[in-house]
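Q: Questions regarding the structure given below will be posed in turn.
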Amino acid sequence: GWLDFGMWGVLIVCVACTVVLTHLCVAILPFPILALPFVVTFWALYALAPEIDVLRPLSGGSMAPMSFEPLTALLLGLGQAVFSASIWSGLLFVVGLLLSNWRHAVIAVLGAMIGTALAYYYRDVDPASVDLGLYGFNGVLTAVSVYVVCGSKLRLAILGALLATIMMPAIGGLNLQILSAPFVLTTWLILALGWIDDKLFSASPEPAAGDPSTRPQPASPSVHNASGD
């Protein structure tokens, strides 16, 4: 409630911790920190929840299985990228991206499609979670992030969305809240692979046949002195 001063205190502390953590990460890490401060702060808060009364989770009923709705899952996956499980939020998110950069909008929709389709393909998740966009939003965030920071490559954006979705059950298996951790870790992984490729696997280009620079050069003509020798 609005008058729950304990919760207001928790929120203020969380904001302060996130700001401090952001400054520390930017100063220390040589790569984009993305949503790392948010993820770390939430994980710490979740671990402390059993010890602090104000953080006790609300009891909620389990989601009943329902039929898979691809369009709903796609739009809610886009909306979940901005913490809003709403079809209108998903539509407005795409419109905002279109006004900013149409390529980013296409990449975001593609990421949502990949995350949703991959989760449904394996059929080991309940349709309600997929329909709520919980398996699409990491694909959205990762696809756009990888496209922006890794050289605007469509193939890397697709790879990022695939890896982020595959990583979700692995993080959940560690008894951690998944949140946007797959987006962060996958973007870092692709950046690391790019660095390894540049440092270890990029061979120097061989000169092409017929390249004038590879032809033997004629000897410089002798310069005669004044006596004609």
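Letters A, B, ... mark the chains of the structure tokens in the order given; residue numbers begin at 1 per chain; ligand numbers begin at 1, in order shown.
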Write out as a VMD selection string the residues lying within 10 Å of Gly90 of chain A, counting only C-alpha atoms and excluding same-chain residues fewer than 3 positions away.

A: chain A and resid 72 74 to 82 84 to 87 93 to 96 109 133

Q: Residues of the last selection are to be written out with N, CA, C and O atoms, as a PDB file, in the first residue's frame.

A:
ATOM      1  N   THR A  72      -0.907 -13.130 -29.033  1.00  0.00           N
ATOM      2  CA  THR A  72      -0.899 -12.569 -27.682  1.00  0.00           C
ATOM      3  C   THR A  72       0.478 -12.687 -27.050  1.00  0.00           C
ATOM      4  O   THR A  72       0.989 -11.747 -26.438  1.00  0.00           O
ATOM      5  N   LEU A  74       3.327 -12.889 -28.556  1.00  0.00           N
ATOM      6  CA  LEU A  74       4.261 -11.983 -29.242  1.00  0.00           C
ATOM      7  C   LEU A  74       4.131 -10.560 -28.701  1.00  0.00           C
ATOM      8  O   LEU A  74       5.132  -9.919 -28.337  1.00  0.00           O
ATOM      9  N   LEU A  75       2.907 -10.058 -28.610  1.00  0.00           N
ATOM     10  CA  LEU A  75       2.697  -8.682 -28.173  1.00  0.00           C
ATOM     11  C   LEU A  75       3.027  -8.509 -26.688  1.00  0.00           C
ATOM     12  O   LEU A  75       3.600  -7.487 -26.290  1.00  0.00           O
ATOM     13  N   LEU A  76       2.683  -9.510 -25.864  1.00  0.00           N
ATOM     14  CA  LEU A  76       3.015  -9.399 -24.447  1.00  0.00           C
ATOM     15  C   LEU A  76       4.518  -9.544 -24.217  1.00  0.00           C
ATOM     16  O   LEU A  76       5.064  -8.965 -23.274  1.00  0.00           O
ATOM     17  N   GLY A  77       5.195 -10.299 -25.081  1.00  0.00           N
ATOM     18  CA  GLY A  77       6.652 -10.367 -24.986  1.00  0.00           C
ATOM     19  C   GLY A  77       7.287  -9.017 -25.236  1.00  0.00           C
ATOM     20  O   GLY A  77       8.247  -8.628 -24.562  1.00  0.00           O
ATOM     21  N   LEU A  78       6.735  -8.263 -26.179  1.00  0.00           N
ATOM     22  CA  LEU A  78       7.222  -6.903 -26.433  1.00  0.00           C
ATOM     23  C   LEU A  78       6.883  -5.985 -25.259  1.00  0.00           C
ATOM     24  O   LEU A  78       7.681  -5.140 -24.867  1.00  0.00           O
ATOM     25  N   GLY A  79       5.677  -6.151 -24.694  1.00  0.00           N
ATOM     26  CA  GLY A  79       5.294  -5.321 -23.555  1.00  0.00           C
ATOM     27  C   GLY A  79       6.107  -5.624 -22.313  1.00  0.00           C
ATOM     28  O   GLY A  79       6.454  -4.705 -21.547  1.00  0.00           O
ATOM     29  N   GLN A  80       6.451  -6.909 -22.111  1.00  0.00           N
ATOM     30  CA  GLN A  80       7.245  -7.282 -20.940  1.00  0.00           C
ATOM     31  C   GLN A  80       8.639  -6.662 -20.984  1.00  0.00           C
ATOM     32  O   GLN A  80       9.285  -6.509 -19.939  1.00  0.00           O
ATOM     33  N   ALA A  81       9.103  -6.301 -22.164  1.00  0.00           N
ATOM     34  CA  ALA A  81      10.419  -5.647 -22.276  1.00  0.00           C
ATOM     35  C   ALA A  81      10.436  -4.315 -21.542  1.00  0.00           C
ATOM     36  O   ALA A  81      11.509  -3.820 -21.176  1.00  0.00           O
ATOM     37  N   VAL A  82       9.259  -3.727 -21.338  1.00  0.00           N
ATOM     38  CA  VAL A  82       9.159  -2.479 -20.577  1.00  0.00           C
ATOM     39  C   VAL A  82       8.330  -2.705 -19.301  1.00  0.00           C
ATOM     40  O   VAL A  82       7.653  -1.801 -18.817  1.00  0.00           O
ATOM     41  N   SER A  84       5.614  -4.327 -18.641  1.00  0.00           N
ATOM     42  CA  SER A  84       4.168  -4.133 -18.714  1.00  0.00           C
ATOM     43  C   SER A  84       3.557  -5.243 -19.561  1.00  0.00           C
ATOM     44  O   SER A  84       3.698  -5.245 -20.777  1.00  0.00           O
ATOM     45  N   ALA A  85       2.890  -6.184 -18.901  1.00  0.00           N
ATOM     46  CA  ALA A  85       2.271  -7.309 -19.608  1.00  0.00           C
ATOM     47  C   ALA A  85       0.938  -6.878 -20.186  1.00  0.00           C
ATOM     48  O   ALA A  85      -0.135  -7.220 -19.683  1.00  0.00           O
ATOM     49  N   SER A  86       1.014  -6.088 -21.244  1.00  0.00           N
ATOM     50  CA  SER A  86      -0.187  -5.545 -21.866  1.00  0.00           C
ATOM     51  C   SER A  86       0.004  -5.528 -23.377  1.00  0.00           C
ATOM     52  O   SER A  86       1.092  -5.211 -23.873  1.00  0.00           O
ATOM     53  N   ILE A  87      -1.044  -5.888 -24.077  1.00  0.00           N
ATOM     54  CA  ILE A  87      -0.981  -5.857 -25.541  1.00  0.00           C
ATOM     55  C   ILE A  87      -0.745  -4.434 -26.027  1.00  0.00           C
ATOM     56  O   ILE A  87       0.044  -4.193 -26.953  1.00  0.00           O
ATOM     57  N   PHE A  93       5.273   0.030 -27.684  1.00  0.00           N
ATOM     58  CA  PHE A  93       6.722  -0.188 -27.674  1.00  0.00           C
ATOM     59  C   PHE A  93       7.241  -0.294 -29.106  1.00  0.00           C
ATOM     60  O   PHE A  93       8.263   0.315 -29.468  1.00  0.00           O
ATOM     61  N   VAL A  94       6.534  -1.050 -29.946  1.00  0.00           N
ATOM     62  CA  VAL A  94       6.947  -1.194 -31.347  1.00  0.00           C
ATOM     63  C   VAL A  94       6.828   0.129 -32.076  1.00  0.00           C
ATOM     64  O   VAL A  94       7.706   0.501 -32.872  1.00  0.00           O
ATOM     65  N   VAL A  95       5.762   0.868 -31.821  1.00  0.00           N
ATOM     66  CA  VAL A  95       5.594   2.178 -32.467  1.00  0.00           C
ATOM     67  C   VAL A  95       6.731   3.113 -32.077  1.00  0.00           C
ATOM     68  O   VAL A  95       7.289   3.831 -32.921  1.00  0.00           O
ATOM     69  N   GLY A  96       7.078   3.119 -30.795  1.00  0.00           N
ATOM     70  CA  GLY A  96       8.196   3.953 -30.352  1.00  0.00           C
ATOM     71  C   GLY A  96       9.489   3.585 -31.044  1.00  0.00           C
ATOM     72  O   GLY A  96      10.261   4.468 -31.452  1.00  0.00           O
ATOM     73  N   VAL A 109      10.704  -7.261 -32.900  1.00  0.00           N
ATOM     74  CA  VAL A 109       9.624  -8.194 -33.235  1.00  0.00           C
ATOM     75  C   VAL A 109      10.194  -9.576 -33.545  1.00  0.00           C
ATOM     76  O   VAL A 109       9.655 -10.607 -33.124  1.00  0.00           O
ATOM     77  N   GLY A 133       4.212 -13.611 -22.227  1.00  0.00           N
ATOM     78  CA  GLY A 133       5.403 -12.963 -22.780  1.00  0.00           C
ATOM     79  C   GLY A 133       6.664 -13.217 -21.984  1.00  0.00           C
ATOM     80  O   GLY A 133       7.692 -12.586 -22.242  1.00  0.00           O
TER      81      GLY A 133
END

Q: Quick one: residues within 8 Å of segment 118-122 of chain A, only C-alpha atoms counted, chain neighbours fewer than 3 positions away excluded, as a PyMOL selection string?

A: chain A and resi 68+114-115+125+127+130+135+162+165

Q: Could you write those residues out with N, CA, C and O atoms, as a short mmCIF file (atom, residue, chain, number, x, y, z; two decimals), in the first residue's frame?

A:
data_model
loop_
_atom_site.label_atom_id
_atom_site.label_comp_id
_atom_site.auth_asym_id
_atom_site.auth_seq_id
_atom_site.Cartn_x
_atom_site.Cartn_y
_atom_site.Cartn_z
N PHE A 68 -2.13 -22.18 -26.34
CA PHE A 68 -1.09 -21.26 -26.78
C PHE A 68 -1.68 -20.26 -27.77
O PHE A 68 -2.31 -20.63 -28.75
N ILE A 114 11.17 -15.25 -32.01
CA ILE A 114 12.10 -16.36 -31.76
C ILE A 114 11.93 -16.90 -30.35
O ILE A 114 11.83 -18.12 -30.14
N GLY A 115 11.89 -16.00 -29.36
CA GLY A 115 11.74 -16.45 -27.98
C GLY A 115 10.44 -17.20 -27.75
O GLY A 115 10.41 -18.25 -27.10
N VAL A 125 7.17 -25.97 -21.19
CA VAL A 125 6.73 -24.85 -20.37
C VAL A 125 5.22 -24.74 -20.51
O VAL A 125 4.63 -25.17 -21.51
N PRO A 127 1.69 -23.15 -21.28
CA PRO A 127 1.28 -22.13 -22.25
C PRO A 127 0.98 -20.78 -21.63
O PRO A 127 1.14 -19.75 -22.26
N VAL A 130 4.08 -18.69 -21.52
CA VAL A 130 4.45 -18.24 -22.86
C VAL A 130 3.53 -17.12 -23.31
O VAL A 130 3.98 -16.10 -23.85
N TYR A 135 8.65 -15.64 -22.04
CA TYR A 135 9.72 -16.27 -22.81
C TYR A 135 10.08 -15.46 -24.05
O TYR A 135 10.97 -15.85 -24.79
N LEU A 162 18.11 -16.58 -29.77
CA LEU A 162 18.07 -18.03 -29.55
C LEU A 162 18.78 -18.41 -28.25
O LEU A 162 18.24 -19.15 -27.42
N THR A 165 16.93 -17.31 -24.97
CA THR A 165 15.78 -18.15 -24.64
C THR A 165 16.22 -19.51 -24.12
O THR A 165 15.66 -20.04 -23.15
#

Q: Which distance in Å separates atom CA of Ile107 of chain A and atom CA of Val140 of chain A, to one decimal?

A: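 Separation of atom CA of Ile107 of chain A and atom CA of Val140 of chain A: 7.5 Å.
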
Q: I'd like the neighbourhood of segment 10-21 of chain A as a PDB file with C-alpha atoms, in the first residue's frame, where a residue qualifies if any of its atoms comes within 7 Å (using only C-alpha atoms), though same-chain residues fewer than 4 positions away should be ignored.

A:
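Okay, selection_11.pdb is ready:
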ATOM      1  CA  GLY A   6       8.694  -0.125   5.253  1.00  0.00           C
ATOM      2  CA  CYS A  25      30.345  -1.426 -12.765  1.00  0.00           C
ATOM      3  CA  PRO A  37      22.766  -3.575 -11.504  1.00  0.00           C
ATOM      4  CA  PHE A  38      19.031  -4.288 -11.633  1.00  0.00           C
ATOM      5  CA  THR A  41      19.963  -5.828  -6.704  1.00  0.00           C
TER       6      THR A  41
END

Q: What separation in Å, quoted to one decimal, exists between atom CA of Asp131 of chain A and atom CA of Ile178 of chain A?

A: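 Atom CA of Ile178 of chain A lies 16.9 Å from atom CA of Asp131 of chain A.
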